[in-house]
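Source file: final.pdb; contents: PDB, C-alpha atoms.
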ATOM      1  CA  MET A 877      26.573 227.736 158.111
ATOM      2  CA  GLY A 878      29.044 225.702 160.163
ATOM      3  CA  LEU A 879      28.278 222.778 162.407
ATOM      4  CA  VAL A 880      26.130 223.295 165.473
ATOM      5  CA  TRP A 881      27.011 221.349 168.616
ATOM      6  CA  TRP A 882      25.465 220.338 171.882
ATOM      7  CA  ARG A 883      27.917 220.998 174.701
ATOM      8  CA  LEU A 884      27.499 218.660 177.656
ATOM      9  CA  GLU A 885      28.624 220.079 181.004
ATOM     10  CA  MET A 886      28.755 218.265 184.314
ATOM     11  CA  ALA A 887      30.825 218.116 187.472
ATOM     12  CA  ALA A 888      33.496 215.397 187.398
ATOM     13  CA  PRO A 889      34.051 213.954 190.895
ATOM     14  CA  ALA A 890      37.433 212.264 191.279
ATOM     15  CA  GLU A 891      35.761 208.859 191.713
ATOM     16  CA  LEU A 892      33.962 209.137 188.360
ATOM     17  CA  GLU A 893      36.551 210.953 186.253
ATOM     18  CA  GLU A 894      38.228 207.874 184.785
ATOM     19  CA  SER A 895      34.927 206.094 184.162
ATOM     20  CA  LEU A 896      33.465 209.084 182.337
ATOM     21  CA  LEU A 897      36.560 209.565 180.170
ATOM     22  CA  TRP A 898      36.448 205.892 179.210
ATOM     23  CA  LYS A 899      32.689 205.465 178.788
ATOM     24  CA  LEU A 900      31.825 208.519 176.689
ATOM     25  CA  PRO A 901      33.988 207.533 173.672
ATOM     26  CA  LEU A 902      32.456 204.048 173.821
ATOM     27  CA  LEU A 903      29.041 205.708 173.560
ATOM     28  CA  GLY A 904      30.069 207.639 170.462
ATOM     29  CA  VAL A 905      31.255 210.839 172.149
ATOM     30  CA  PRO A 906      35.001 211.157 171.459
ATOM     31  CA  ARG A 907      35.331 214.934 171.955
ATOM     32  CA  VAL A 908      35.697 215.123 175.717
ATOM     33  CA  ALA A 909      37.662 217.513 177.909
ATOM     34  CA  LEU A 910      38.235 218.363 181.556
ATOM     35  CA  GLN A 911      38.764 221.881 182.828
ATOM     36  CA  HIS A 912      39.034 223.653 186.150
ATOM     37  CA  PRO A 913      39.525 227.216 187.386
ATOM     38  CA  PRO A 914      43.245 227.944 187.899
ATOM     39  CA  GLU A 915      42.634 228.755 191.552
ATOM     40  CA  ALA A 916      40.658 225.559 192.228
ATOM     41  CA  PRO A 917      42.116 222.487 190.469
ATOM     42  CA  GLU A 918      39.919 220.211 192.553
ATOM     43  CA  ARG A 919      36.760 221.664 190.943
ATOM     44  CA  ARG A 920      36.976 219.654 187.764
ATOM     45  CA  GLN A 921      34.276 219.938 185.140
ATOM     46  CA  LEU A 922      33.688 217.558 182.272
ATOM     47  CA  LEU A 923      32.822 218.975 178.864
ATOM     48  CA  ALA A 924      31.803 217.045 175.770
ATOM     49  CA  TRP A 925      30.726 218.182 172.313
ATOM     50  CA  LEU A 926      28.122 216.318 170.241
ATOM     51  CA  PRO A 927      27.033 217.278 166.708
ATOM     52  CA  GLU A 928      23.441 218.526 166.926
ATOM     53  CA  SER A 929      22.422 216.649 163.783
ATOM     54  CA  ASP A 930      23.442 213.299 165.350
ATOM     55  CA  TRP A 931      22.076 213.845 168.842
ATOM     56  CA  PRO A 932      18.357 214.745 169.013
ATOM     57  CA  ALA A 933      16.663 215.017 172.402
ATOM     58  CA  ASP A 934      15.827 211.326 172.768
ATOM     59  CA  GLN A 935      19.434 210.315 172.024
ATOM     60  CA  ARG A 936      20.782 212.776 174.590
ATOM     61  CA  GLN A 937      18.384 211.395 177.180
ATOM     62  CA  GLU A 938      19.535 207.882 176.363
ATOM     63  CA  LEU A 939      23.148 208.985 176.801
ATOM     64  CA  GLU A 940      22.367 210.267 180.296
ATOM     65  CA  ARG A 941      20.685 206.943 181.163
ATOM     66  CA  ALA A 942      23.758 205.057 179.920
ATOM     67  CA  LEU A 943      26.051 207.144 182.136
ATOM     68  CA  ALA A 944      23.934 206.904 185.284
ATOM     69  CA  PRO A 945      25.211 203.466 186.454
ATOM     70  CA  LEU A 946      28.818 204.733 186.604
ATOM     71  CA  GLY A 947      28.220 206.147 190.071
ATOM     72  CA  GLU A 948      26.781 202.966 191.573
ATOM     73  CA  PRO A 949      30.112 201.357 192.623
ATOM     74  CA  PHE A 950      30.843 204.513 194.639
ATOM     75  CA  ASN A 951      27.300 205.019 195.967
ATOM     76  CA  LEU A 952      27.200 208.286 194.026
ATOM     77  CA  ALA A 953      24.451 209.745 191.910
ATOM     78  CA  LEU A 954      25.575 210.952 188.501
ATOM     79  CA  PRO A 955      26.007 214.747 188.698
ATOM     80  CA  GLN A 956      23.374 216.751 186.878
ATOM     81  CA  VAL A 957      23.998 217.047 183.141
ATOM     82  CA  HIS A 958      23.591 220.455 181.516
ATOM     83  CA  TRP A 959      23.228 220.968 177.758
ATOM     84  CA  GLN A 960      24.211 224.122 175.872
ATOM     85  CA  ARG A 961      23.704 224.662 172.157
ATOM     86  CA  GLN A 962      26.911 226.038 170.615
ATOM     87  CA  ALA A 963      27.966 227.242 167.186
ATOM     88  CA  ASP A 964      31.145 225.781 165.724
ATOM     89  CA  GLU A 965      33.039 229.049 165.756
ATOM     90  CA  ASP A 966      32.420 229.408 169.519
ATOM     91  CA  TRP A 967      33.993 226.039 170.303
ATOM     92  CA  SER A 968      36.868 227.163 172.514
ATOM     93  CA  LEU A 969      35.460 230.323 174.071
ATOM     94  CA  SER A 970      34.822 228.609 177.397
ATOM     95  CA  TRP A 971      38.544 227.880 177.699
ATOM     96  CA  LYS A 972      39.671 231.448 177.253
ATOM     97  CA  SER A 973      38.105 232.745 180.452
ATOM     98  CA  HIS A 974      39.996 230.207 182.580
ATOM     99  CA  TRP A 975      43.343 229.616 180.875
ATOM    100  CA  ARG A 976      46.558 231.289 182.061
ATOM    101  CA  PRO A 977      50.283 230.873 181.235
ATOM    102  CA  ASP A 978      51.267 227.549 182.761
ATOM    103  CA  PRO A 979      54.908 226.802 183.609
ATOM    104  CA  VAL A 980      55.676 223.061 183.608
ATOM    105  CA  GLY A 981      58.816 221.626 185.150
ATOM    106  CA  GLU A 982      61.979 223.708 184.901
ATOM    107  CA  ARG A 983      62.000 224.585 181.208
ATOM    108  CA  LEU A 984      58.561 224.556 179.595
ATOM    109  CA  LEU A 985      55.755 227.108 179.411
ATOM    110  CA  VAL A 986      52.349 226.203 178.002
ATOM    111  CA  LEU A 987      50.931 229.478 176.734
ATOM    112  CA  PRO A 988      47.426 230.247 175.450
ATOM    113  CA  ALA A 989      47.805 231.395 171.863
ATOM    114  CA  TRP A 990      46.115 234.732 172.585
ATOM    115  CA  LEU A 991      48.453 235.763 175.462
ATOM    116  CA  GLU A 992      51.977 237.216 175.580
ATOM    117  CA  VAL A 993      54.886 235.536 177.350
ATOM    118  CA  PRO A 994      55.139 236.893 180.915
ATOM    119  CA  ALA A 995      58.445 238.670 181.503
ATOM    120  CA  GLU A 996      59.291 236.453 184.477
ATOM    121  CA  GLN A 997      59.006 233.351 182.272
ATOM    122  CA  ALA A 998      60.784 234.669 179.189
ATOM    123  CA  ASP A 999      63.628 232.141 179.546
ATOM    124  CA  ARG A1000      61.320 229.129 179.202
ATOM    125  CA  LEU A1001      60.626 227.078 176.079
ATOM    126  CA  VAL A1002      57.205 228.271 174.936
ATOM    127  CA  ILE A1003      54.519 225.962 173.591
ATOM    128  CA  ARG A1004      51.629 228.022 172.235
ATOM    129  CA  ILE A1005      48.335 226.138 172.282
ATOM    130  CA  ASP A1006      44.840 226.936 171.104
ATOM    131  CA  PRO A1007      42.711 223.942 172.116
ATOM    132  CA  GLY A1008      40.300 224.420 169.226
ATOM    133  CA  SER A1009      38.298 221.255 168.877
ATOM    134  CA  ALA A1010      40.806 218.796 170.353
ATOM    135  CA  PHE A1011      42.222 218.739 173.824
ATOM    136  CA  GLY A1012      45.465 218.535 175.714
ATOM    137  CA  THR A1013      46.272 221.874 177.270
ATOM    138  CA  GLY A1014      48.749 220.733 179.886
ATOM    139  CA  SER A1015      46.330 221.082 182.795
ATOM    140  CA  HIS A1016      45.432 217.405 183.175
ATOM    141  CA  PRO A1017      47.837 215.432 185.402
ATOM    142  CA  THR A1018      48.566 212.878 182.662
ATOM    143  CA  THR A1019      49.612 215.587 180.207
ATOM    144  CA  ARG A1020      51.796 217.226 182.839
ATOM    145  CA  LEU A1021      53.346 213.872 183.682
ATOM    146  CA  CYS A1022      54.299 213.437 180.024
ATOM    147  CA  LEU A1023      55.697 216.954 179.706
ATOM    148  CA  GLU A1024      57.768 216.548 182.862
ATOM    149  CA  ALA A1025      58.973 213.116 181.720
ATOM    150  CA  LEU A1026      60.069 214.609 178.388
ATOM    151  CA  GLU A1027      62.026 217.273 180.230
ATOM    152  CA  ALA A1028      63.567 214.680 182.560
ATOM    153  CA  LEU A1029      64.643 212.529 179.607
ATOM    154  CA  ALA A1030      66.196 215.574 177.946
ATOM    155  CA  GLY A1031      68.161 216.291 181.112
ATOM    156  CA  GLU A1032      69.382 212.693 181.380
ATOM    157  CA  ARG A1033      70.627 212.744 177.802
ATOM    158  CA  GLU A1034      72.488 216.003 178.395
ATOM    159  CA  ARG A1035      74.157 214.699 181.543
ATOM    160  CA  SER A1036      75.263 211.530 179.738
ATOM    161  CA  GLY A1037      76.819 213.523 176.898
ATOM    162  CA  GLN A1038      74.263 212.610 174.229
ATOM    163  CA  GLY A1039      73.826 216.197 173.118
ATOM    164  CA  PRO A1040      71.444 219.005 174.054
ATOM    165  CA  GLY A1041      68.004 217.886 175.144
ATOM    166  CA  LEU A1042      66.288 215.464 172.789
ATOM    167  CA  HIS A1043      68.575 216.454 169.928
ATOM    168  CA  GLY A1044      68.217 214.231 166.882
ATOM    169  CA  LEU A1045      65.444 211.979 168.176
ATOM    170  CA  ARG A1046      62.590 210.776 165.964
ATOM    171  CA  VAL A1047      59.404 210.947 168.028
ATOM    172  CA  ALA A1048      56.072 209.160 167.551
ATOM    173  CA  ASP A1049      52.959 210.554 169.288
ATOM    174  CA  LEU A1050      50.018 208.127 169.367
ATOM    175  CA  GLY A1051      46.760 209.854 170.325
ATOM    176  CA  CYS A1052      48.155 213.351 169.838
ATOM    177  CA  GLY A1053      45.081 215.434 170.780
ATOM    178  CA  SER A1054      46.114 219.069 170.435
ATOM    179  CA  GLY A1055      49.710 218.087 169.589
ATOM    180  CA  ILE A1056      51.126 219.506 172.808
ATOM    181  CA  LEU A1057      53.466 216.594 173.577
ATOM    182  CA  GLY A1058      55.004 216.478 170.115
ATOM    183  CA  LEU A1059      55.484 220.247 170.144
ATOM    184  CA  ALA A1060      57.184 220.019 173.543
ATOM    185  CA  ALA A1061      59.512 217.326 172.180
ATOM    186  CA  LEU A1062      60.455 219.592 169.275
ATOM    187  CA  ARG A1063      61.068 222.508 171.632
ATOM    188  CA  LEU A1064      63.384 220.225 173.619
ATOM    189  CA  GLY A1065      65.401 219.455 170.492
ATOM    190  CA  ALA A1066      63.763 216.453 168.820
ATOM    191  CA  ALA A1067      64.437 216.201 165.086
ATOM    192  CA  THR A1068      60.970 215.142 163.936
ATOM    193  CA  VAL A1069      57.566 214.182 165.299
ATOM    194  CA  ALA A1070      55.083 211.853 163.610
ATOM    195  CA  ALA A1071      51.651 212.107 165.228
ATOM    196  CA  ALA A1072      48.300 210.373 164.852
ATOM    197  CA  ASP A1073      44.863 210.576 166.440
ATOM    198  CA  CYS A1074      41.607 208.814 165.638
ATOM    199  CA  ASP A1075      39.706 212.117 165.752
ATOM    200  CA  PRO A1076      40.140 214.182 162.560
ATOM    201  CA  LEU A1077      39.526 217.330 164.601
ATOM    202  CA  ALA A1078      42.645 216.473 166.612
ATOM    203  CA  GLU A1079      44.644 216.275 163.390
ATOM    204  CA  ARG A1080      43.397 219.744 162.455
ATOM    205  CA  ALA A1081      44.192 221.166 165.899
ATOM    206  CA  THR A1082      47.691 219.657 165.864
ATOM    207  CA  ARG A1083      48.436 221.219 162.475
ATOM    208  CA  GLN A1084      47.158 224.593 163.668
ATOM    209  CA  ASN A1085      49.170 224.469 166.888
ATOM    210  CA  ALA A1086      52.309 223.487 164.974
ATOM    211  CA  ALA A1087      51.799 226.562 162.806
ATOM    212  CA  LEU A1088      51.281 228.742 165.892
ATOM    213  CA  ASN A1089      54.697 227.600 167.109
ATOM    214  CA  GLY A1090      56.440 227.890 163.755
ATOM    215  CA  LEU A1091      57.018 224.129 163.786
ATOM    216  CA  ASP A1092      54.987 223.199 160.724
ATOM    217  CA  GLY A1093      57.769 223.521 158.131
ATOM    218  CA  ALA A1094      60.496 221.238 156.832
ATOM    219  CA  GLN A1095      58.543 218.137 157.908
ATOM    220  CA  ALA A1096      59.350 218.807 161.568
ATOM    221  CA  LEU A1097      55.872 217.568 162.477
ATOM    222  CA  THR A1098      53.665 215.326 160.371
ATOM    223  CA  VAL A1099      50.199 214.266 161.514
ATOM    224  CA  THR A1100      47.453 211.994 160.262
ATOM    225  CA  THR A1101      44.071 210.656 161.303
ATOM    226  CA  GLY A1102      44.199 207.066 162.483
ATOM    227  CA  SER A1103      45.732 204.811 165.104
ATOM    228  CA  ALA A1104      48.868 202.673 165.308
ATOM    229  CA  GLU A1105      48.815 201.472 161.705
ATOM    230  CA  ALA A1106      48.518 205.022 160.341
ATOM    231  CA  LEU A1107      51.321 206.166 162.643
ATOM    232  CA  SER A1108      53.568 203.321 161.487
ATOM    233  CA  GLU A1109      53.018 204.433 157.897
ATOM    234  CA  LEU A1110      54.003 207.992 158.807
ATOM    235  CA  LEU A1111      57.189 206.603 160.318
ATOM    236  CA  GLY A1112      57.987 204.849 157.058
ATOM    237  CA  GLY A1113      58.017 201.457 158.736
ATOM    238  CA  ARG A1114      61.018 202.409 160.902
ATOM    239  CA  GLY A1115      60.368 202.613 164.635
ATOM    240  CA  ALA A1116      60.852 205.919 166.441
ATOM    241  CA  ASP A1117      63.426 206.675 169.129
ATOM    242  CA  LEU A1118      60.731 207.930 171.494
ATOM    243  CA  LEU A1119      57.070 206.896 171.691
ATOM    244  CA  LEU A1120      54.525 209.131 173.429
ATOM    245  CA  CYS A1121      51.182 207.569 174.302
ATOM    246  CA  ASN A1122      48.870 209.542 176.603
ATOM    247  CA  ILE A1123      45.734 207.419 176.303
ATOM    248  CA  LEU A1124      43.558 205.562 178.797
ATOM    249  CA  ALA A1125      45.005 202.353 180.242
ATOM    250  CA  PRO A1126      42.636 199.891 178.499
ATOM    251  CA  VAL A1127      43.518 201.461 175.157
ATOM    252  CA  ILE A1128      47.250 201.250 175.887
ATOM    253  CA  GLU A1129      46.781 197.591 176.796
ATOM    254  CA  ALA A1130      45.092 196.911 173.454
ATOM    255  CA  LEU A1131      47.866 198.731 171.594
ATOM    256  CA  ILE A1132      50.819 196.879 173.168
ATOM    257  CA  PRO A1133      51.139 194.447 170.214
ATOM    258  CA  CYS A1134      51.674 197.479 167.940
ATOM    259  CA  PHE A1135      54.572 198.921 169.940
ATOM    260  CA  PRO A1136      57.352 196.943 168.173
ATOM    261  CA  ARG A1137      56.371 198.684 164.907
ATOM    262  CA  LEU A1138      56.308 202.117 166.526
ATOM    263  CA  LEU A1139      59.385 202.034 168.774
ATOM    264  CA  GLY A1140      62.778 201.119 167.387
ATOM    265  CA  THR A1141      65.704 199.285 168.973
ATOM    266  CA  GLY A1142      67.023 201.224 171.950
ATOM    267  CA  GLY A1143      63.941 203.447 172.009
ATOM    268  CA  VAL A1144      62.034 204.716 175.037
ATOM    269  CA  GLY A1145      58.261 204.860 175.491
ATOM    270  CA  LEU A1146      56.333 207.219 177.785
ATOM    271  CA  LEU A1147      52.880 205.818 178.536
ATOM    272  CA  SER A1148      50.354 207.812 180.512
ATOM    273  CA  GLY A1149      46.606 208.222 180.898
ATOM    274  CA  LEU A1150      46.418 205.472 183.511
ATOM    275  CA  LEU A1151      45.244 205.526 187.082
ATOM    276  CA  VAL A1152      47.814 204.563 189.711
ATOM    277  CA  ASP A1153      45.873 201.408 190.585
ATOM    278  CA  GLN A1154      45.960 200.339 186.920
ATOM    279  CA  ALA A1155      49.741 200.540 186.684
ATOM    280  CA  ALA A1156      50.572 197.119 188.133
ATOM    281  CA  GLY A1157      48.290 195.280 185.712
ATOM    282  CA  LEU A1158      49.616 197.214 182.749
ATOM    283  CA  GLU A1159      53.189 196.490 183.847
ATOM    284  CA  ARG A1160      52.420 192.772 183.843
ATOM    285  CA  ASP A1161      50.988 192.982 180.336
ATOM    286  CA  LEU A1162      54.019 194.930 179.123
ATOM    287  CA  LEU A1163      56.450 192.466 180.686
ATOM    288  CA  ALA A1164      54.638 189.546 179.084
ATOM    289  CA  ALA A1165      54.995 191.264 175.722
ATOM    290  CA  GLY A1166      58.744 191.824 176.115
ATOM    291  CA  TRP A1167      58.814 195.357 177.523
ATOM    292  CA  ARG A1168      60.484 196.488 180.712
ATOM    293  CA  VAL A1169      59.124 199.310 182.861
ATOM    294  CA  GLU A1170      62.204 201.249 183.959
ATOM    295  CA  GLN A1171      60.359 204.022 185.768
ATOM    296  CA  ARG A1172      56.938 204.719 187.251
ATOM    297  CA  VAL A1173      55.921 208.288 188.105
ATOM    298  CA  GLU A1174      52.721 209.331 189.900
ATOM    299  CA  GLN A1175      50.810 212.598 190.222
ATOM    300  CA  ASP A1176      47.552 212.748 192.142
ATOM    301  CA  ARG A1177      45.747 209.509 191.175
ATOM    302  CA  TRP A1178      47.422 209.292 187.762
ATOM    303  CA  GLY A1179      50.558 207.492 186.638
ATOM    304  CA  LEU A1180      53.144 207.330 183.877
ATOM    305  CA  LEU A1181      55.270 204.368 182.846
ATOM    306  CA  ARG A1182      58.592 204.703 181.057
ATOM    307  CA  ILE A1183      59.322 201.577 179.058
ATOM    308  CA  ARG A1184      62.100 200.086 177.027
ATOM    309  CA  SER A1185      62.321 196.804 175.149
ATOM    310  CA  ALA A1186      63.600 194.123 177.513
ATOM    311  CA  SER A1187      66.095 193.076 174.844
ATOM    312  CA  ASP A1188      67.662 196.562 175.064
ATOM    313  CA  VAL A1189      68.338 196.271 178.786
ATOM    314  CA  ALA A1190      71.519 194.575 179.885
TER     315      ALA A1190
END
Once more with this new file: its structure as structure tokens, please.
Amino acid sequence: MGLVWWRLEMAAPAELEESLLWKLPLLGVPRVALQHPPEAPERRQLLAWLPESDWPADQRQELERALAPLGEPFNLALPQVHWQRQADEDWSLSWKSHWRPDPVGERLLVLPAWLEVPAEQADRLVIRIDPGSAFGTGSHPTTRLCLEALEALAGERERSGQGPGLHGLRVADLGCGSGILGLAALRLGAATVAAADCDPLAERATRQNAALNGLDGAQALTVTTGSAEALSELLGGRGADLLLCNILAPVIEALIPCFPRLLGTGGVGLLSGLLVDQAAGLERDLLAAGWRVEQRVEQDRWGLLRIRSASDVA
């Protein structure tokens, strides 16, 4: 018999979304996702999965008590928490009823693995995704920001005569989730992607999604469980040309000292997962560490920073 999980479900008001995404992993709940009906993106719901064997009733009650104070700064009560018992093989069923083909930018199409490419979008670069037990489906603003930034960078390189798209680039993806960003980079012409995530279920999902896209051969994508040190080892100690990091702002801040090992001379970093009001503080930390923010992009309340080593900028 496979693992049995408790699935936590609760509404995720905009004011509490960032706090919940940050607090739950600190409380030992790393498998967290947000979803919404396609027709109502403002109706965001938080989902989290907890192994039944590790979370008896008293521990789940304690978790709810630990989350309750998050609403106090906003004079909000924590939304009601619902618990559903779920078998391992049913993990992603809740996604399938809501997920549709999702065009991103001008070139990309995020496609549920179980659907066919719509005829009107047949000219797009398809990224097939089955969320499985890790997350990153393209629906969250930070993921979309990264996908659009990848496409924009590909366009800039083409216009400057550097070849088609991201041709030839070595890409590092720190906190890869479902692998969607690395797969998009490969679709846009990158040579290789090295990816890492602290959750072993994310490593499994990334491998499976690479196989779904036919991008699991010839070392096009390599993935491991771990953080910056594990990713550096995958890169063979030589920094990548492009660093992708879609993680929460406090985590990015803690990882800044690792960036010189992950991003080579002349390389570009795309950092997302931060709220707009966190961007200025993160920019200061990056500048102090020798990085220059050459672009800031915003979508809803979320932001993305494009960085380059200050020594690379004339």
Fewer than 5 positions away in the same chain doesn't count, so skip those; otherwise give me all residues within 8 Å of Trp931 (chain A), counting all atoms listed in the file, as a ChimeraX atom specification.
/A:882,926,936
Write out, as a CSV table (one decimal), in the coordinates of the input, the residues just selected, with C-alpha atoms.
chain,number,residue,atom,x,y,z
A,882,TRP,CA,25.5,220.3,171.9
A,926,LEU,CA,28.1,216.3,170.2
A,936,ARG,CA,20.8,212.8,174.6
Can you turn the PyMOL selection byres ((chain A and resi 955) around 8) into a concrete residue list for this file, as a PyMOL selection string?
chain A and resi 886-888+953-954+956-957
Running the PyMOL selection byres ((chain A and resi 1074-1090) around 7) on this model by hand, what would come out? Give it as a list of chain:residue names.
A:Ile1003, A:Arg1004, A:Ile1005, A:Asp1006, A:Pro1007, A:Gly1008, A:Ser1009, A:Ala1010, A:Gly1053, A:Ser1054, A:Gly1055, A:Leu1059, A:Ala1072, A:Asp1073, A:Leu1091, A:Asp1092, A:Val1099, A:Thr1100, A:Thr1101, A:Gly1102, A:Ser1103
So that I can see what lies close to Gln1175 (chain A), please list as a list in words the residues with an atom at most 9 Å from it, counting all atoms listed in the file and leaving out residues fewer than 2 positions away in the same chain.
Pro1017, Thr1018, Arg1020, Leu1021, Val1152, Val1173, Arg1177, Trp1178, Gly1179 and Leu1180 of chain A
Find the residues near Pro977 (chain A): any atom within 10 Å, counting only C-alpha atoms, skip ones fewer than 2 places away on the same chain, and give them as a list in words.
Trp975, Pro979, Val980, Leu985, Val986, Leu987, Pro988, Ala989, Leu991, Glu992, Val993, Pro994, Gln997, Val1002 and Arg1004 of chain A
Which residues fall under the PyMOL selection byres ((chain A and resi 1058) around 9) in this file, as an mmCIF file with C-alpha atoms, keeping the file's coordinate frame?
data_model
loop_
_atom_site.group_PDB
_atom_site.id
_atom_site.type_symbol
_atom_site.label_atom_id
_atom_site.label_comp_id
_atom_site.auth_asym_id
_atom_site.auth_seq_id
_atom_site.Cartn_x
_atom_site.Cartn_y
_atom_site.Cartn_z
ATOM 1 C CA VAL A 1047 59.404 210.947 168.028
ATOM 2 C CA ALA A 1048 56.072 209.160 167.551
ATOM 3 C CA ASP A 1049 52.959 210.554 169.288
ATOM 4 C CA CYS A 1052 48.155 213.351 169.838
ATOM 5 C CA GLY A 1055 49.710 218.087 169.589
ATOM 6 C CA ILE A 1056 51.126 219.506 172.808
ATOM 7 C CA LEU A 1057 53.466 216.594 173.577
ATOM 8 C CA LEU A 1059 55.484 220.247 170.144
ATOM 9 C CA ALA A 1060 57.184 220.019 173.543
ATOM 10 C CA ALA A 1061 59.512 217.326 172.180
ATOM 11 C CA LEU A 1062 60.455 219.592 169.275
ATOM 12 C CA ARG A 1063 61.068 222.508 171.632
ATOM 13 C CA ALA A 1066 63.763 216.453 168.820
ATOM 14 C CA THR A 1068 60.970 215.142 163.936
ATOM 15 C CA VAL A 1069 57.566 214.182 165.299
ATOM 16 C CA ALA A 1070 55.083 211.853 163.610
ATOM 17 C CA ALA A 1071 51.651 212.107 165.228
ATOM 18 C CA LEU A 1097 55.872 217.568 162.477
ATOM 19 C CA LEU A 1120 54.525 209.131 173.429
#
How would region 975-989 of chain A look with N, CA, C and O atoms restored, written as a PDB file, keeping the file's coordinate frame?
ATOM      1  N   TRP A 975      41.985 230.060 181.175  1.00  0.00           N
ATOM      2  CA  TRP A 975      43.343 229.616 180.875  1.00  0.00           C
ATOM      3  C   TRP A 975      44.359 230.707 181.128  1.00  0.00           C
ATOM      4  O   TRP A 975      44.157 231.868 180.762  1.00  0.00           O
ATOM      5  N   ARG A 976      45.480 230.357 181.743  1.00  0.00           N
ATOM      6  CA  ARG A 976      46.558 231.289 182.061  1.00  0.00           C
ATOM      7  C   ARG A 976      47.889 230.660 181.615  1.00  0.00           C
ATOM      8  O   ARG A 976      47.963 229.456 181.413  1.00  0.00           O
ATOM      9  N   PRO A 977      48.960 231.455 181.490  1.00  0.00           N
ATOM     10  CA  PRO A 977      50.283 230.873 181.235  1.00  0.00           C
ATOM     11  C   PRO A 977      50.598 229.818 182.292  1.00  0.00           C
ATOM     12  O   PRO A 977      50.367 230.043 183.488  1.00  0.00           O
ATOM     13  N   ASP A 978      51.112 228.694 181.869  1.00  0.00           N
ATOM     14  CA  ASP A 978      51.267 227.549 182.761  1.00  0.00           C
ATOM     15  C   ASP A 978      52.686 226.995 182.681  1.00  0.00           C
ATOM     16  O   ASP A 978      53.011 226.221 181.779  1.00  0.00           O
ATOM     17  N   PRO A 979      53.564 227.385 183.605  1.00  0.00           N
ATOM     18  CA  PRO A 979      54.908 226.802 183.609  1.00  0.00           C
ATOM     19  C   PRO A 979      54.860 225.339 184.038  1.00  0.00           C
ATOM     20  O   PRO A 979      54.159 224.976 184.980  1.00  0.00           O
ATOM     21  N   VAL A 980      55.617 224.495 183.313  1.00  0.00           N
ATOM     22  CA  VAL A 980      55.676 223.061 183.608  1.00  0.00           C
ATOM     23  C   VAL A 980      57.134 222.686 183.787  1.00  0.00           C
ATOM     24  O   VAL A 980      57.971 222.989 182.927  1.00  0.00           O
ATOM     25  N   GLY A 981      57.439 222.020 184.890  1.00  0.00           N
ATOM     26  CA  GLY A 981      58.816 221.626 185.150  1.00  0.00           C
ATOM     27  C   GLY A 981      59.728 222.835 185.248  1.00  0.00           C
ATOM     28  O   GLY A 981      59.337 223.923 185.688  1.00  0.00           O
ATOM     29  N   GLU A 982      60.980 222.649 184.808  1.00  0.00           N
ATOM     30  CA  GLU A 982      61.979 223.708 184.901  1.00  0.00           C
ATOM     31  C   GLU A 982      62.120 224.514 183.618  1.00  0.00           C
ATOM     32  O   GLU A 982      62.622 225.634 183.638  1.00  0.00           O
ATOM     33  N   ARG A 983      61.665 223.959 182.485  1.00  0.00           N
ATOM     34  CA  ARG A 983      62.000 224.585 181.208  1.00  0.00           C
ATOM     35  C   ARG A 983      60.804 225.026 180.368  1.00  0.00           C
ATOM     36  O   ARG A 983      60.945 225.906 179.528  1.00  0.00           O
ATOM     37  N   LEU A 984      59.658 224.390 180.545  1.00  0.00           N
ATOM     38  CA  LEU A 984      58.561 224.556 179.595  1.00  0.00           C
ATOM     39  C   LEU A 984      57.530 225.569 180.079  1.00  0.00           C
ATOM     40  O   LEU A 984      57.326 225.755 181.279  1.00  0.00           O
ATOM     41  N   LEU A 985      56.869 226.209 179.115  1.00  0.00           N
ATOM     42  CA  LEU A 985      55.755 227.108 179.411  1.00  0.00           C
ATOM     43  C   LEU A 985      54.661 226.836 178.386  1.00  0.00           C
ATOM     44  O   LEU A 985      54.861 227.019 177.182  1.00  0.00           O
ATOM     45  N   VAL A 986      53.512 226.374 178.863  1.00  0.00           N
ATOM     46  CA  VAL A 986      52.349 226.203 178.002  1.00  0.00           C
ATOM     47  C   VAL A 986      51.593 227.531 178.004  1.00  0.00           C
ATOM     48  O   VAL A 986      51.163 228.016 179.057  1.00  0.00           O
ATOM     49  N   LEU A 987      51.451 228.117 176.828  1.00  0.00           N
ATOM     50  CA  LEU A 987      50.931 229.478 176.734  1.00  0.00           C
ATOM     51  C   LEU A 987      49.703 229.522 175.833  1.00  0.00           C
ATOM     52  O   LEU A 987      49.761 229.100 174.674  1.00  0.00           O
ATOM     53  N   PRO A 988      48.572 230.025 176.333  1.00  0.00           N
ATOM     54  CA  PRO A 988      47.426 230.247 175.450  1.00  0.00           C
ATOM     55  C   PRO A 988      47.826 231.114 174.268  1.00  0.00           C
ATOM     56  O   PRO A 988      48.553 232.103 174.425  1.00  0.00           O
ATOM     57  N   ALA A 989      47.358 230.742 173.095  1.00  0.00           N
ATOM     58  CA  ALA A 989      47.805 231.395 171.863  1.00  0.00           C
ATOM     59  C   ALA A 989      47.526 232.887 171.859  1.00  0.00           C
ATOM     60  O   ALA A 989      48.214 233.654 171.176  1.00  0.00           O
TER      61      ALA A 989
END
